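S.K.: My structure file structure.cif, mmCIF, C-alpha atoms and all ligand atoms, is below:
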data_input
loop_
_atom_site.label_atom_id
_atom_site.label_comp_id
_atom_site.auth_asym_id
_atom_site.auth_seq_id
_atom_site.Cartn_x
_atom_site.Cartn_y
_atom_site.Cartn_z
CA MET A 217 0.00 0.00 0.00
CA GLY A 218 1.30 3.42 -0.92
CA ASP A 219 0.94 6.47 1.22
CA ARG A 220 -2.04 8.78 0.95
CA VAL A 221 -0.24 11.37 -1.12
CA SER A 222 1.06 8.95 -3.76
CA GLU A 223 -2.39 7.43 -4.04
CA GLY A 224 -3.62 10.88 -5.00
CA VAL A 225 -5.84 11.47 -1.97
CA ALA A 226 -6.32 15.22 -1.65
CA ARG A 227 -4.90 16.77 1.52
CA PRO A 228 -7.38 18.49 3.80
CA TYR A 229 -7.87 22.15 2.95
CA VAL A 230 -9.64 25.30 3.97
CA LEU A 231 -10.82 27.98 1.59
CA LEU A 232 -9.70 31.59 1.93
CA VAL A 233 -12.18 33.62 -0.09
CA ASN A 234 -12.16 37.39 -0.53
CA GLY A 235 -14.78 39.44 -2.31
CA PRO A 236 -14.89 42.73 -4.17
CA ASN A 237 -12.08 45.26 -3.72
CA LEU A 238 -10.04 43.07 -1.36
CA ASN A 239 -7.44 42.70 -4.12
CA ARG A 240 -6.68 46.31 -3.15
CA LEU A 241 -5.77 45.41 0.43
CA GLY A 242 -2.71 47.35 1.56
CA VAL A 243 -3.42 50.23 -0.83
CA ARG A 244 -7.10 51.00 -0.30
CA ASP A 245 -7.95 53.11 2.79
CA PRO A 246 -4.96 51.91 4.85
CA GLN A 247 -6.24 53.86 7.88
CA ILE A 248 -9.26 51.51 7.85
CA TYR A 249 -7.88 48.28 6.40
CA GLY A 250 -4.17 48.50 7.30
CA THR A 251 -1.12 48.11 5.10
CA GLU A 252 -0.95 44.33 4.75
CA THR A 253 -1.65 42.94 1.29
CA LEU A 254 -3.77 39.92 0.43
CA ALA A 255 -0.54 37.98 -0.18
CA ASP A 256 0.53 38.83 3.41
CA VAL A 257 -2.83 37.57 4.67
CA GLU A 258 -2.46 34.32 2.70
CA ARG A 259 1.00 33.77 4.21
CA ARG A 260 -0.33 34.35 7.72
CA VAL A 261 -3.22 31.94 7.22
CA ARG A 262 -0.87 29.27 5.81
CA ALA A 263 1.41 29.70 8.83
CA VAL A 264 -1.54 28.66 11.01
CA THR A 265 -2.79 25.77 8.88
CA ALA A 266 0.46 24.19 7.58
CA PRO A 267 1.60 22.81 10.98
CA ARG A 268 -1.83 21.17 11.19
CA GLY A 269 -1.42 19.44 7.82
CA VAL A 270 -4.04 21.64 6.18
CA GLU A 271 -3.68 23.40 2.84
CA VAL A 272 -5.19 26.72 1.84
CA ARG A 273 -7.04 27.29 -1.42
CA SER A 274 -7.24 31.02 -1.89
CA PHE A 275 -9.48 32.96 -4.24
CA GLN A 276 -10.39 36.61 -4.68
CA SER A 277 -12.87 38.06 -7.13
CA ASN A 278 -14.73 41.29 -7.68
CA SER A 279 -17.65 39.32 -9.09
CA GLU A 280 -20.29 37.54 -7.00
CA GLY A 281 -20.82 34.90 -9.72
CA ALA A 282 -17.13 33.98 -9.82
CA LEU A 283 -17.07 33.65 -6.02
CA ILE A 284 -20.10 31.35 -6.17
CA ASP A 285 -18.53 29.24 -8.93
CA PHE A 286 -15.38 28.79 -6.81
CA LEU A 287 -17.36 28.01 -3.65
CA GLN A 288 -19.55 25.45 -5.42
CA GLN A 289 -16.48 23.72 -6.81
CA HIS A 290 -14.19 23.72 -3.78
CA GLY A 291 -16.52 24.31 -0.80
CA PRO A 292 -18.13 20.88 -0.35
CA GLY A 293 -14.78 19.10 0.06
CA SER A 294 -13.26 21.69 2.38
CA LEU A 295 -12.86 21.65 6.16
CA GLY A 296 -14.39 25.11 6.16
CA ILE A 297 -14.37 28.54 4.61
CA ILE A 298 -12.76 31.79 5.71
CA LEU A 299 -14.76 34.44 3.91
CA ASN A 300 -14.41 38.19 3.70
CA PRO A 301 -17.30 39.01 1.37
CA GLY A 302 -16.47 42.73 1.20
CA ALA A 303 -19.58 44.77 0.45
CA LEU A 304 -21.45 41.61 -0.63
CA ALA A 305 -21.88 41.08 3.13
CA HIS A 306 -24.51 43.82 2.98
CA TYR A 307 -26.56 42.69 -0.04
CA GLY A 308 -25.17 39.44 -1.52
CA LEU A 309 -28.24 37.19 -1.41
CA ALA A 310 -26.99 34.82 -4.11
CA LEU A 311 -23.82 34.36 -2.08
CA ARG A 312 -25.96 33.73 0.99
CA ASP A 313 -27.92 31.01 -0.81
CA CYS A 314 -24.68 29.43 -2.02
CA LEU A 315 -23.24 29.19 1.52
CA GLU A 316 -26.48 27.70 2.81
CA ASP A 317 -26.45 25.14 -0.01
CA ILE A 318 -22.82 24.11 0.62
CA GLY A 319 -23.45 23.63 4.33
CA ARG A 320 -19.78 23.77 5.41
CA PRO A 321 -18.50 25.78 8.40
CA VAL A 322 -17.98 29.42 7.43
CA VAL A 323 -16.21 32.12 9.40
CA GLU A 324 -17.12 35.55 8.04
CA VAL A 325 -14.29 38.02 8.55
CA HIS A 326 -14.43 41.80 8.39
CA ILE A 327 -11.19 43.66 8.89
CA SER A 328 -12.93 46.81 10.06
CA ASN A 329 -15.65 47.07 12.69
CA VAL A 330 -18.55 47.50 10.29
CA HIS A 331 -20.89 48.36 13.19
CA LYS A 332 -18.93 51.55 13.90
CA ARG A 333 -19.12 52.68 10.28
CA GLU A 334 -21.85 53.88 7.89
CA PRO A 335 -25.36 52.52 8.59
CA PHE A 336 -25.46 50.50 5.35
CA ARG A 337 -22.56 48.39 6.71
CA HIS A 338 -24.49 47.41 9.86
CA HIS A 339 -26.76 44.99 8.01
CA LEU A 340 -25.05 41.64 7.36
CA VAL A 341 -27.09 39.36 5.12
CA LEU A 342 -24.93 36.25 5.58
CA SER A 343 -25.28 36.14 9.38
CA ALA A 344 -27.88 33.37 9.52
CA VAL A 345 -25.91 30.99 7.28
CA VAL A 346 -22.38 31.41 8.67
CA THR A 347 -20.93 29.67 11.71
CA GLY A 348 -19.62 32.89 13.19
CA GLN A 349 -18.22 36.33 12.48
CA ILE A 350 -14.98 38.09 13.37
CA VAL A 351 -15.35 41.83 13.03
CA GLY A 352 -12.96 44.70 13.63
CA LEU A 353 -9.79 42.82 14.60
CA GLY A 354 -7.88 43.82 11.48
CA THR A 355 -6.22 41.15 9.37
CA ALA A 356 -5.67 39.08 12.54
CA GLY A 357 -9.30 38.04 12.04
CA TYR A 358 -8.26 35.79 9.16
CA GLU A 359 -5.70 33.97 11.33
CA LEU A 360 -8.21 33.52 14.14
CA ALA A 361 -10.69 32.07 11.66
CA ALA A 362 -8.03 29.64 10.42
CA GLU A 363 -7.26 28.66 14.05
CA TYR A 364 -10.92 27.91 14.62
CA LEU A 365 -11.49 25.89 11.45
CA THR A 366 -8.40 23.72 12.02
CA ARG A 367 -8.44 23.55 15.83
CA GLU A 368 -9.13 19.83 16.05
CA ARG A 369 -6.05 19.18 13.91
CA ASP A 370 -3.65 20.85 16.33
CA GLY A 371 -0.38 18.90 16.49
CA GLN A 372 -1.23 16.77 13.46
CA GLN A 373 1.84 17.74 11.43
CA ARG A 374 2.37 15.40 8.48
C1 LIG A 401 -15.05 44.81 4.78
C2 LIG A 401 -16.19 45.73 5.23
C3 LIG A 401 -17.16 45.99 4.08
O1 LIG A 401 -18.20 46.88 4.52
C4 LIG A 401 -16.44 46.64 2.92
O2 LIG A 401 -17.33 46.81 1.84
C5 LIG A 401 -15.23 45.89 2.51
C6 LIG A 401 -14.34 45.36 3.56
C7 LIG A 401 -13.99 44.63 5.89
O3 LIG A 401 -13.18 43.73 5.76
O4 LIG A 401 -13.97 45.39 6.87
O5 LIG A 401 -14.91 45.78 1.33
O6 LIG A 401 -15.58 43.54 4.48
#
Show the structure stored in the file as structure tokens.

M.R.:
Amino acid sequence: MGDRVSEGVARPYVLLVNGPNLNRLGVRDPQIYGTETLADVERRVRAVTAPRGVEVRSFQSNSEGALIDFLQQHGPGSLGIILNPGALAHYGLALRDCLEDIGRPVVEVHISNVHKREPFRHHLVLSAVVTGQIVGLGTAGYELAAEYLTRERDGQQR
């Protein structure tokens, strides 16, 4: 019998999914969103998951349809989803239906504290279909979400 990798069994993975305008992280409104780029965030998330034997599949799009296509393809087989939906958090009902359909654990992350900002940011349409939300802790929120989704794999380096 070969090992799991040579037999082609996929390694466990989490999704790191970022919505509209998050490709601009590090440049856009740094006083609100900080100076780290999305590549920095990906590195930080991998630093949490790699020691637990978990890979990260990362995707960013400015289009709700492309996000849904990615989630439908990679979501069902994932351990869970770290999702910063950007402004889709406030009106993205197709994204909401997609997450409900997939039925995997989802941690919704917002870098800024949306509740302290403009009123239109206070309404979060994904709330009822996500596992939990991390709001206002900066880019550390992504790492905390990764910790949560891989917590039972602590010490399972392989
Ligand atoms: C955001 C908050 C949203 O209101 C905004 O549209 C974003 C970023 C955040 O991470 O704080 O694009 O999701």

S.K.: Could you give me the residues within 8 Å of ligand LIG 401 (chain A), counting all atoms listed in the file, as a list in words?

M.R.: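 Those within range of ligand LIG 401 (chain A) are Gly235, Pro236, Asn237, Leu238, Ile248, Tyr249, Asn300, Pro301, Gly302, Ala303, Leu304, Ala305, His306, Val325, His326, Ile327, Ser328, Asn329, Val330, Arg337, Val351, Gly352 and Gly354 of chain A.
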
S.K.: Can you write out the residues you just picked, keeping C-alpha atoms, as a compact mmCIF listing (two decimals), in the frame of the given file?

M.R.:
# COMPACT_ATOMS: atom_id res chain seq x y z
CA GLY A 235 -14.78 39.44 -2.31
CA PRO A 236 -14.89 42.73 -4.17
CA ASN A 237 -12.08 45.26 -3.72
CA LEU A 238 -10.04 43.07 -1.36
CA ILE A 248 -9.26 51.51 7.85
CA TYR A 249 -7.88 48.28 6.40
CA ASN A 300 -14.41 38.19 3.70
CA PRO A 301 -17.30 39.01 1.37
CA GLY A 302 -16.47 42.73 1.20
CA ALA A 303 -19.58 44.77 0.45
CA LEU A 304 -21.45 41.61 -0.63
CA ALA A 305 -21.88 41.08 3.13
CA HIS A 306 -24.51 43.82 2.98
CA VAL A 325 -14.29 38.02 8.55
CA HIS A 326 -14.43 41.80 8.39
CA ILE A 327 -11.19 43.66 8.89
CA SER A 328 -12.93 46.81 10.06
CA ASN A 329 -15.65 47.07 12.69
CA VAL A 330 -18.55 47.50 10.29
CA ARG A 337 -22.56 48.39 6.71
CA VAL A 351 -15.35 41.83 13.03
CA GLY A 352 -12.96 44.70 13.63
CA GLY A 354 -7.88 43.82 11.48

S.K.: With all atoms listed in the file as the atoms that count, which of A:Arg312, A:Ala226, A:Leu232, A:Gly291 lies nearest to Ser274 (chain A)?

M.R.: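 Closest candidate: A:Leu232.
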
S.K.: Just give me the gap between CA of Leu365 (chain A) and CA of Leu353 (chain A) in Å, one decimal is fine.

M.R.: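 If I compute the distance from CA of Leu365 (chain A) to CA of Leu353 (chain A), I get 17.3 Å.
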
S.K.: Restricting the calculation to all atoms listed in the file, which member of A:Arg240, A:Ala344, A:Ala362, A:Val230 is positioned closest to Glu271 (chain A)?

M.R.: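 Comparing A:Arg240, A:Ala344, A:Ala362, A:Val230 against Glu271 (chain A), the winner is A:Val230.
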
S.K.: What's the separation between CA of Pro292 (chain A) and CA of Pro228 (chain A), in Å to one decimal place?

M.R.: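 Distance reported for this atom pair: 11.8 Å.
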
S.K.: Go ahead and compute the interatomic distance for CA of Val345 (chain A) and CA of Leu315 (chain A), in Å to one decimal.

M.R.: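 Interatomic distance, CA of Val345 (chain A) to CA of Leu315 (chain A): 6.6 Å.
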
S.K.: Using all atoms listed in the file, which of the listed residues (A:Lys332, A:Arg273, A:Arg320, A:Arg268) sits closest to Glu368 (chain A)?

M.R.: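 Comparing A:Lys332, A:Arg273, A:Arg320, A:Arg268 against Glu368 (chain A), the winner is A:Arg268.
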
S.K.: With all atoms listed in the file as the basis for distance, which of A:Val322, A:Val272, A:Cys314, A:Val264 is at the shortest distance from Ile284 (chain A)?

M.R.: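 Closest residue, counting all atoms listed in the file: A:Cys314.
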
S.K.: Excluding Thr253 (chain A) and residues on its chain fewer than 3 positions from it, collect all residues at most 12 Å away from it, counting all atoms listed in the file, and give them as a PyMOL selection string.

M.R.: chain A and resi 237-244+246+249-250+256-260+354-355

S.K.: Residues within 9 Å of Glu363 (chain A), please, as a list in words. Count only C-alpha atoms; anything in the same chain fewer than 6 positions from it doesn't count.

M.R.: Val261, Val264, Thr265 and Asp370 of chain A

S.K.: Out of A:Gln247, A:Gln289, A:Ser294, A:Asn234, which residue has the shortest atom-to-atom distance to Gln276 (chain A) when counting all atoms listed in the file?

M.R.: A:Asn234

S.K.: Using only C-alpha atoms, find all polymer residues with an atom at most 7 Å away from the point (-29.6, 41.9, 5.6); report them as a PyMOL selection string.

M.R.: chain A and resi 306-307+339-341

S.K.: Under the rule that only C-alpha atoms are counted, which of A:Glu334, A:Asp313, A:Glu280, A:Glu359 is the nearest residue to Val346 (chain A)?

M.R.: A:Asp313

S.K.: Would you mind listing what lies within 10 Å of Tyr364 (chain A) as an MDAnalysis selection string, with all atoms listed in the file counted and same-chain residues fewer than 3 positions away left out?

M.R.: chainID A and resid 296 298 323 358:361 367:368

S.K.: Would you export the selected residues with C-alpha atoms as a short mmCIF file (atom, residue, chain, number, x, y, z; two decimals), in the coordinates of the input, please?

M.R.:
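Output file part-v3.cif is given in full below:
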data_model
loop_
_atom_site.label_atom_id
_atom_site.label_comp_id
_atom_site.auth_asym_id
_atom_site.auth_seq_id
_atom_site.Cartn_x
_atom_site.Cartn_y
_atom_site.Cartn_z
CA GLY A 296 -14.39 25.11 6.16
CA ILE A 298 -12.76 31.79 5.71
CA VAL A 323 -16.21 32.12 9.40
CA TYR A 358 -8.26 35.79 9.16
CA GLU A 359 -5.70 33.97 11.33
CA LEU A 360 -8.21 33.52 14.14
CA ALA A 361 -10.69 32.07 11.66
CA ARG A 367 -8.44 23.55 15.83
CA GLU A 368 -9.13 19.83 16.05
#
